[in-house]
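As provided, run-v9.cif (mmCIF, C-alpha atoms) reads as follows.
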data_upload
#
loop_
_atom_site.label_atom_id
_atom_site.label_comp_id
_atom_site.auth_asym_id
_atom_site.auth_seq_id
_atom_site.Cartn_x
_atom_site.Cartn_y
_atom_site.Cartn_z
CA MET A 1492 -18.05 -79.49 -99.72
CA ILE A 1493 -20.14 -82.13 -97.93
CA THR A 1494 -17.08 -83.68 -96.24
CA ARG A 1495 -15.94 -80.31 -94.85
CA LEU A 1496 -19.38 -79.65 -93.39
CA VAL A 1497 -19.37 -82.99 -91.59
CA ARG A 1498 -15.91 -82.46 -90.16
CA GLY A 1499 -16.94 -78.99 -89.01
CA GLY A 1500 -20.04 -80.32 -87.29
CA LEU A 1501 -18.66 -79.91 -83.76
CA ALA A 1502 -17.51 -76.37 -84.46
CA ALA A 1503 -20.90 -75.56 -85.95
CA ALA A 1504 -22.67 -76.92 -82.89
CA LEU A 1505 -20.46 -74.85 -80.60
CA ALA A 1506 -21.15 -71.77 -82.71
CA VAL A 1507 -24.89 -72.34 -82.39
CA THR A 1508 -24.56 -72.74 -78.61
CA THR A 1509 -22.57 -69.52 -78.34
CA LEU A 1510 -25.12 -67.67 -80.42
CA THR A 1511 -27.95 -68.90 -78.21
CA VAL A 1512 -26.23 -67.67 -75.04
CA ALA A 1513 -25.47 -64.27 -76.59
CA THR A 1514 -29.10 -63.89 -77.68
CA ALA A 1515 -30.31 -64.60 -74.15
CA ALA A 1516 -27.92 -61.99 -72.73
CA VAL A 1517 -29.25 -59.34 -75.08
CA ALA A 1518 -32.84 -60.20 -74.20
CA THR A 1519 -32.26 -59.67 -70.47
CA ALA A 1520 -30.17 -56.48 -70.74
CA ALA A 1521 -31.47 -53.39 -68.93
CA PRO A 1522 -33.17 -50.77 -71.12
CA THR A 1523 -31.08 -47.77 -72.16
CA ALA A 1524 -31.94 -44.51 -70.40
CA VAL A 1525 -33.47 -41.86 -72.65
CA ALA A 1526 -31.96 -38.39 -72.32
CA THR A 1527 -34.39 -35.54 -71.64
CA THR A 1528 -34.11 -31.83 -72.36
CA ALA A 1529 -35.03 -29.35 -69.66
CA SER A 1530 -37.91 -27.07 -70.56
CA GLY A 1531 -36.52 -23.55 -70.50
CA PRO A 1532 -32.94 -22.27 -70.11
CA ASN A 1533 -30.50 -24.83 -68.75
CA VAL A 1534 -26.74 -24.86 -68.14
CA THR A 1535 -24.80 -28.13 -68.00
CA VAL A 1536 -21.22 -28.14 -66.65
CA THR A 1537 -18.59 -30.82 -67.28
CA GLN A 1538 -14.82 -31.18 -66.96
CA ALA A 1539 -12.15 -33.21 -68.75
CA GLY A 1540 -8.55 -33.06 -69.90
CA ASN A 1541 -5.02 -33.39 -68.58
CA TYR A 1542 -5.17 -33.70 -64.82
CA PRO A 1543 -1.94 -33.63 -62.82
CA MET A 1544 -0.44 -37.07 -62.31
CA PHE A 1545 2.86 -37.57 -60.49
CA PRO A 1546 5.55 -36.80 -61.59
CA VAL A 1547 3.82 -34.44 -64.08
CA ASP A 1548 3.56 -31.16 -62.20
CA ASN A 1549 2.09 -28.41 -64.37
CA THR A 1550 -0.85 -29.14 -66.63
CA SER A 1551 -4.42 -28.04 -67.35
CA PHE A 1552 -7.93 -29.39 -67.63
CA SER A 1553 -11.01 -27.94 -69.32
CA VAL A 1554 -14.28 -26.80 -67.79
CA THR A 1555 -17.13 -26.72 -70.30
CA TRP A 1556 -20.56 -25.21 -69.82
CA LYS A 1557 -23.30 -25.69 -72.40
CA SER A 1558 -26.80 -24.41 -73.05
CA THR A 1559 -28.79 -27.65 -73.04
CA GLY A 1560 -32.39 -26.51 -72.50
CA THR A 1561 -35.13 -25.38 -74.87
CA ALA A 1562 -34.53 -21.63 -74.46
CA ASP A 1563 -31.58 -19.24 -74.49
CA VAL A 1564 -29.37 -18.96 -71.42
CA THR A 1565 -28.95 -15.25 -70.72
CA GLY A 1566 -27.24 -12.97 -68.23
CA VAL A 1567 -24.69 -14.07 -65.66
CA THR A 1568 -23.41 -17.63 -65.39
CA ARG A 1569 -21.07 -18.07 -62.44
CA LEU A 1570 -18.55 -20.91 -62.37
CA THR A 1571 -16.47 -22.17 -59.45
CA VAL A 1572 -13.55 -24.59 -59.35
CA ASP A 1573 -12.44 -26.02 -56.01
CA LEU A 1574 -9.16 -27.96 -55.85
CA PRO A 1575 -8.10 -30.52 -53.21
CA PRO A 1576 -5.11 -29.89 -50.91
CA GLY A 1577 -1.78 -29.90 -52.77
CA LEU A 1578 -3.18 -28.47 -56.01
CA THR A 1579 -3.25 -24.79 -56.92
CA THR A 1580 -4.27 -22.77 -59.95
CA SER A 1581 -2.94 -19.54 -61.41
CA GLY A 1582 -6.17 -18.95 -63.31
CA ALA A 1583 -7.95 -20.01 -66.48
CA LEU A 1584 -7.76 -19.17 -70.18
CA MET A 1585 -10.97 -18.70 -72.18
CA TYR A 1586 -11.28 -20.42 -75.56
CA SER A 1587 -14.50 -19.12 -77.06
CA THR A 1588 -15.16 -17.02 -80.16
CA PRO A 1589 -16.74 -14.76 -81.28
CA TYR A 1590 -16.18 -12.42 -78.34
CA ASP A 1591 -19.85 -11.73 -77.68
CA TYR A 1592 -19.52 -12.08 -73.91
CA THR A 1593 -17.65 -10.76 -70.90
CA PHE A 1594 -15.50 -12.94 -68.66
CA THR A 1595 -13.81 -12.15 -65.37
CA GLN A 1596 -12.12 -14.43 -62.85
CA THR A 1597 -10.72 -14.36 -59.34
CA VAL A 1598 -8.31 -16.82 -57.69
CA SER A 1599 -8.29 -17.22 -53.91
CA PRO A 1600 -5.11 -16.28 -52.01
CA ASP A 1601 -4.27 -19.95 -51.42
CA GLY A 1602 -4.74 -20.76 -55.12
CA ARG A 1603 -7.25 -23.54 -54.46
CA ARG A 1604 -10.42 -21.78 -55.62
CA LEU A 1605 -11.29 -20.14 -58.92
CA GLU A 1606 -14.43 -18.05 -59.35
CA ALA A 1607 -15.41 -16.93 -62.87
CA VAL A 1608 -18.28 -14.75 -64.08
CA PHE A 1609 -19.42 -15.27 -67.66
CA THR A 1610 -22.04 -12.90 -69.07
CA GLY A 1611 -23.66 -13.49 -72.45
CA THR A 1612 -26.54 -15.09 -74.33
CA ARG A 1613 -26.26 -18.70 -75.41
CA ALA A 1614 -28.79 -20.39 -77.69
CA PRO A 1615 -29.52 -24.08 -77.06
CA GLY A 1616 -26.59 -26.21 -78.18
CA ARG A 1617 -23.91 -23.55 -77.80
CA SER A 1618 -21.05 -24.18 -75.39
CA ASP A 1619 -17.98 -22.43 -74.01
CA PHE A 1620 -14.92 -23.68 -72.17
CA MET A 1621 -11.92 -22.51 -70.21
CA LYS A 1622 -8.59 -24.19 -69.55
CA VAL A 1623 -7.75 -24.23 -65.83
CA GLN A 1624 -3.99 -24.17 -65.21
CA VAL A 1625 -2.99 -26.36 -62.24
CA SER A 1626 0.18 -27.34 -60.40
CA SER A 1627 0.82 -30.13 -57.88
CA HIS A 1628 4.17 -28.68 -56.70
CA GLY A 1629 6.04 -31.96 -57.03
CA THR A 1630 3.60 -33.91 -54.84
CA ARG A 1631 1.39 -36.88 -55.67
CA PRO A 1632 -2.08 -35.26 -55.93
CA SER A 1633 -5.23 -36.86 -54.56
CA GLY A 1634 -8.77 -35.79 -53.79
CA VAL A 1635 -11.72 -34.39 -55.72
CA ILE A 1636 -11.87 -31.44 -58.10
CA THR A 1637 -15.34 -29.90 -57.88
CA VAL A 1638 -16.78 -27.59 -60.55
CA THR A 1639 -20.14 -25.79 -60.33
CA ALA A 1640 -22.25 -23.56 -62.56
CA ALA A 1641 -25.13 -21.28 -61.58
CA ASN A 1642 -27.52 -19.14 -63.62
CA LYS A 1643 -30.64 -17.38 -62.32
CA ASP A 1644 -32.99 -18.94 -64.89
CA ASP A 1645 -31.50 -22.45 -64.90
CA ALA A 1646 -34.29 -25.03 -65.19
CA ASP A 1647 -32.45 -28.16 -64.05
CA PRO A 1648 -29.93 -28.11 -61.15
CA SER A 1649 -29.09 -31.82 -61.52
CA ASP A 1650 -26.34 -31.06 -64.06
CA ASN A 1651 -24.76 -28.08 -62.31
CA VAL A 1652 -22.02 -29.93 -60.39
CA SER A 1653 -19.13 -31.95 -61.83
CA ARG A 1654 -16.75 -33.94 -59.59
CA TYR A 1655 -13.50 -35.60 -60.68
CA LEU A 1656 -11.61 -37.93 -58.34
CA LEU A 1657 -7.91 -37.77 -59.20
CA GLY A 1658 -6.60 -41.18 -60.20
CA SER A 1659 -10.11 -42.53 -60.67
CA GLY A 1660 -12.25 -40.36 -62.95
CA LEU A 1661 -15.55 -38.55 -63.05
CA GLN A 1662 -17.87 -39.29 -60.15
CA PRO A 1663 -21.63 -39.87 -60.26
CA PRO A 1664 -23.65 -36.65 -60.59
CA VAL A 1665 -25.04 -35.00 -57.48
CA THR A 1666 -27.94 -32.56 -57.30
CA PRO A 1667 -27.16 -29.57 -55.04
CA VAL A 1668 -29.71 -28.53 -52.44
CA ALA A 1669 -32.09 -25.71 -53.24
CA PRO A 1670 -31.35 -22.41 -51.47
CA ALA A 1671 -33.62 -20.72 -48.94
CA VAL A 1672 -33.26 -17.11 -47.78
CA THR A 1673 -34.57 -15.72 -44.50
CA ALA A 1674 -33.22 -12.16 -44.36
CA LEU A 1675 -31.30 -9.37 -46.08
CA ALA A 1676 -29.71 -6.59 -44.05
CA PRO A 1677 -29.33 -3.72 -44.45
CA SER A 1678 -31.88 -3.13 -47.20
CA THR A 1679 -30.82 0.41 -48.07
CA GLY A 1680 -27.60 2.07 -49.20
CA PRO A 1681 -26.16 4.88 -51.32
CA ALA A 1682 -26.59 4.96 -55.09
CA ALA A 1683 -22.82 4.76 -55.52
CA GLY A 1684 -22.87 1.25 -54.08
CA GLY A 1685 -20.37 -0.11 -51.59
CA THR A 1686 -22.77 -1.15 -48.85
CA ALA A 1687 -21.88 -4.42 -47.11
CA VAL A 1688 -25.01 -6.59 -47.19
CA THR A 1689 -25.56 -9.88 -45.39
CA ILE A 1690 -28.00 -12.45 -46.77
CA THR A 1691 -28.85 -15.31 -44.42
CA GLY A 1692 -30.49 -18.64 -45.13
CA THR A 1693 -29.54 -22.24 -45.98
CA GLY A 1694 -28.06 -23.98 -49.00
CA LEU A 1695 -26.16 -20.85 -50.04
CA THR A 1696 -22.79 -22.51 -50.80
CA ASN A 1697 -21.25 -21.37 -54.11
CA GLY A 1698 -23.96 -18.74 -54.43
CA PHE A 1699 -23.88 -15.15 -55.64
CA ALA A 1700 -26.28 -12.21 -55.36
CA LEU A 1701 -27.87 -10.23 -58.17
CA PHE A 1702 -29.04 -6.69 -57.40
CA GLY A 1703 -31.48 -6.36 -60.26
CA ASN A 1704 -29.39 -7.90 -63.04
CA THR A 1705 -26.02 -6.78 -61.67
CA PRO A 1706 -23.89 -9.30 -59.76
CA ALA A 1707 -22.46 -8.28 -56.40
CA THR A 1708 -18.98 -9.21 -55.26
CA GLY A 1709 -18.67 -11.26 -52.09
CA SER A 1710 -18.64 -14.80 -50.77
CA CYS A 1711 -21.06 -17.34 -49.36
CA THR A 1712 -21.06 -20.10 -46.78
CA ASP A 1713 -23.94 -22.53 -46.47
CA THR A 1714 -25.85 -20.17 -44.16
CA ALA A 1715 -24.78 -16.62 -45.12
CA CYS A 1716 -23.54 -14.49 -48.00
CA VAL A 1717 -21.67 -11.26 -47.34
CA VAL A 1718 -21.68 -9.13 -50.49
CA THR A 1719 -21.00 -5.55 -51.56
CA ALA A 1720 -23.95 -3.81 -53.20
CA PRO A 1721 -23.14 -2.52 -56.70
CA ALA A 1722 -24.13 0.98 -57.80
CA GLY A 1723 -27.78 1.45 -58.71
CA SER A 1724 -30.93 3.50 -58.32
CA GLY A 1725 -34.45 3.09 -57.00
CA THR A 1726 -35.51 -0.19 -55.43
CA VAL A 1727 -34.25 -3.38 -57.06
CA PRO A 1728 -35.02 -7.03 -56.35
CA VAL A 1729 -32.19 -9.09 -54.89
CA THR A 1730 -31.83 -12.70 -56.04
CA LEU A 1731 -29.57 -15.29 -54.47
CA VAL A 1732 -28.36 -17.69 -57.18
CA THR A 1733 -26.70 -21.04 -56.42
CA PRO A 1734 -26.02 -24.24 -58.38
CA GLY A 1735 -29.14 -25.62 -56.65
CA GLY A 1736 -31.46 -22.88 -57.87
CA SER A 1737 -32.44 -19.26 -57.29
CA VAL A 1738 -34.48 -17.51 -54.63
CA ALA A 1739 -35.56 -13.90 -54.09
CA THR A 1740 -34.72 -12.22 -50.78
CA PRO A 1741 -37.71 -11.23 -48.58
CA THR A 1742 -37.09 -7.55 -49.36
CA GLY A 1743 -35.39 -5.72 -52.19
CA PHE A 1744 -32.60 -3.19 -51.86
CA THR A 1745 -33.37 0.54 -51.97
CA TYR A 1746 -30.75 3.01 -53.18
CA THR A 1747 -30.76 6.38 -51.48
CA PRO A 1748 -29.63 9.66 -53.07
#

Structure re-expressed in structure tokens:
Amino acid sequence: MITRLVRGGLAAALAVTTLTVATAAVATAAPTAVATTASGPNVTVTQAGNYPMFPVDNTSFSVTWKSTGTADVTGVTRLTVDLPPGLTTSGALMYSTPYDYTFTQTVSPDGRRLEAVFTGTRAPGRSDFMKVQVSSHGTRPSGVITVTAANKDDADPSDNVSRYLLGSGLQPPVTPVAPAVTALAPSTGPAAGGTAVTITGTGLTNGFALFGNTPATGSCTDTACVVTAPAGSGTVPVTLVTPGGSVATPTGFTYTP
């Protein structure tokens, strides 16, 4: 036993040296970030799965949204998926049970944008996901797939945008700008709905309007949203909801008999 220890002296010395270096590396490592939970309702959106990779043409990836705050997420959560040139989608399939929610979706004429409206109550920790069907039409796809989520009561906009660079992977998170609204016109319309309403402001991209608690159909640029008022009665508040937050319009909308 003593002879073997002597012969292994060099190896032992090297082992000690290696251990010393490793210990120093651990001592100088940066501290690990501590995750925080948003106070109040919060929606977090992520994406993952089988992205198209040449020569694979038709595939799908998942978009997941989760209640990650300290209170229930309620009402309307709106999701958008924007695809780079060369990719199109035929729509998404929902994979969530029990069916205690409503889900509708719309695909743009060019197939590069998916808009989905999910309505339901989600306690903290509960998540839902949809499979987005995509095709690259025999081309070599490139560019960024951008997914957003927006809910009126969301407490933390920093986790409302997910970006995936094809061929590279998920990109660093970005916090969308907060919306600002300057005007709503017209502010009156028939109880049956159908009035075209323009909401102007800044930071309105990927936004939607709530008339009371009812979402309006329409579309938004960064500076204006053109929506169709849903049916209603009386005077209701109008809220513009984006991934960057929510803001009330200067005036509500009054339904006329």

**Prompt:** Selected by the PyMOL selection byres ((chain A and resi 1677) around 9) in the shown coordinates: which residues, as a list of chain:residue names?
**Reply:** A:Leu1675, A:Ala1676, A:Ser1678, A:Thr1679, A:Gly1680, A:Thr1686, A:Ala1687, A:Val1688, A:Thr1689, A:Phe1744

**Prompt:** To one decimal place, how far is CA of Thr1555 (chain A) from CA of Ala1539 (chain A) in Å?
**Reply:**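 Spanning CA of Thr1555 (chain A) to CA of Ala1539 (chain A) is a straight-line distance of 8.3 Å.
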
**Message:** Which polymer residues, whether protein, DNA or RNA, lie within 8 Å of the coordinate (-27.5, -16.4, -61.9) when you count only C-alpha atoms? List them as a count of residues only, using the chain letters and numbers from the file.
**Reply:** 16

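For the choices A:Ser1551, A:Val1608, A:Thr1639, A:Pro1667, the atom-to-atom distance to Thr1593 (chain A) is smallest for A:Val1608 when using all atoms listed in the file.
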
**Request:** Kindly indicate which residue among A:Val1638, A:Ala1739, A:Val1668, A:Leu1605 lies nearest to Gln1624 (chain A), using only C-alpha atoms for the distances.
**Result:**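 Of all the options, A:Leu1605 lies closest to Gln1624 (chain A).
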
**Request:** Would you mind reading off the distance between CA of Ala1722 (chain A) and CA of Tyr1746 (chain A), one decimal, in Å?
**Result:**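 Distance between the two atoms: 8.3 Å.
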
**Item:** Residues selected by the PyMOL selection byres ((chain A and resi 1538) around 9), written as a list in words
**Value:** Val1536, Thr1537, Ala1539, Gly1540, Phe1552, Ser1553, Val1554, Thr1555, Trp1556, Val1638, Ser1653, Arg1654, Tyr1655 and Leu1661 of chain A

**Request:** Run the PyMOL selection byres ((chain A and resi 1671) around 8) mentally over the shown coordinates, then write out the matched residues as a ChimeraX atom specification, using the chain letters and numbers from the document.
**Result:** /A:1669-1670,1672-1673,1692-1695,1738

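CA of Thr1559 (chain A) lies 19.1 Å from CA of Tyr1586 (chain A).
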
**Request:** Pick out the closest residue to Thr1535 (chain A) from this set: A:Pro1734, A:Asp1713, A:Ala1707, A:Ala1683. Count only C-alpha atoms.
**Result:**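 Of A:Pro1734, A:Asp1713, A:Ala1707, A:Ala1683, the one nearest Thr1535 (chain A) is A:Pro1734, counting only C-alpha atoms.
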
Per residue of region 1557-1610 of chain A within 9 Å of region 1618-1623 of chain A, note the shortest atom pair and the distance in Å to one decimal, counting only C-alpha atoms, and order the rows by chain and increasing residue number, as a tab-separated table.
residue	atom	partner	partner_atom	distance
A:Lys1557	CA	A:Ser1618	CA	4.0
A:Ser1558	CA	A:Ser1618	CA	6.2
A:Thr1559	CA	A:Ser1618	CA	8.8
A:Val1572	CA	A:Val1623	CA	8.7
A:Thr1580	CA	A:Val1623	CA	7.0
A:Ser1581	CA	A:Val1623	CA	8.0
A:Gly1582	CA	A:Val1623	CA	6.1
A:Ala1583	CA	A:Val1623	CA	4.3
A:Leu1584	CA	A:Lys1622	CA	5.1
A:Met1585	CA	A:Met1621	CA	4.4
A:Tyr1586	CA	A:Met1621	CA	5.8
A:Ser1587	CA	A:Asp1619	CA	5.7
A:Thr1588	CA	A:Asp1619	CA	8.7
A:Leu1605	CA	A:Val1623	CA	8.8

Output C-alpha atoms of each residue in that selection to a file, as a CSV table (one decimal), in the frame of the given file.
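See out-v1.csv below for the written result:
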chain,number,residue,atom,x,y,z
A,1557,LYS,CA,-23.3,-25.7,-72.4
A,1558,SER,CA,-26.8,-24.4,-73.0
A,1559,THR,CA,-28.8,-27.6,-73.0
A,1572,VAL,CA,-13.6,-24.6,-59.4
A,1580,THR,CA,-4.3,-22.8,-60.0
A,1581,SER,CA,-2.9,-19.5,-61.4
A,1582,GLY,CA,-6.2,-19.0,-63.3
A,1583,ALA,CA,-8.0,-20.0,-66.5
A,1584,LEU,CA,-7.8,-19.2,-70.2
A,1585,MET,CA,-11.0,-18.7,-72.2
A,1586,TYR,CA,-11.3,-20.4,-75.6
A,1587,SER,CA,-14.5,-19.1,-77.1
A,1588,THR,CA,-15.2,-17.0,-80.2
A,1605,LEU,CA,-11.3,-20.1,-58.9

**Prompt:** Looking at all atoms listed in the file, which of A:Ala1720, A:Pro1663, A:Pro1543, A:Gly1725 is the one that sits closest to Gly1684 (chain A)?
**Reply:** A:Ala1720

For region 1630-1636 of chain A, find every residue with an atom within 9 Å (counting only C-alpha atoms), except residues of its own chain fewer than 5 positions away, and show them as a PDB file with C-alpha atoms, keeping the file's coordinate frame.
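Writing the result to part34.pdb gives the following:
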ATOM      1  CA  PRO A1543      -1.940 -33.630 -62.820  1.00  0.00           C
ATOM      2  CA  MET A1544      -0.440 -37.070 -62.310  1.00  0.00           C
ATOM      3  CA  PHE A1545       2.860 -37.570 -60.490  1.00  0.00           C
ATOM      4  CA  PRO A1546       5.550 -36.800 -61.590  1.00  0.00           C
ATOM      5  CA  ASP A1548       3.560 -31.160 -62.200  1.00  0.00           C
ATOM      6  CA  VAL A1572     -13.550 -24.590 -59.350  1.00  0.00           C
ATOM      7  CA  ASP A1573     -12.440 -26.020 -56.010  1.00  0.00           C
ATOM      8  CA  LEU A1574      -9.160 -27.960 -55.850  1.00  0.00           C
ATOM      9  CA  PRO A1575      -8.100 -30.520 -53.210  1.00  0.00           C
ATOM     10  CA  PRO A1576      -5.110 -29.890 -50.910  1.00  0.00           C
ATOM     11  CA  GLY A1577      -1.780 -29.900 -52.770  1.00  0.00           C
ATOM     12  CA  LEU A1578      -3.180 -28.470 -56.010  1.00  0.00           C
ATOM     13  CA  SER A1653     -19.130 -31.950 -61.830  1.00  0.00           C
ATOM     14  CA  ARG A1654     -16.750 -33.940 -59.590  1.00  0.00           C
ATOM     15  CA  TYR A1655     -13.500 -35.600 -60.680  1.00  0.00           C
ATOM     16  CA  LEU A1656     -11.610 -37.930 -58.340  1.00  0.00           C
ATOM     17  CA  LEU A1657      -7.910 -37.770 -59.200  1.00  0.00           C
ATOM     18  CA  GLY A1658      -6.600 -41.180 -60.200  1.00  0.00           C
TER      19      GLY A1658
END
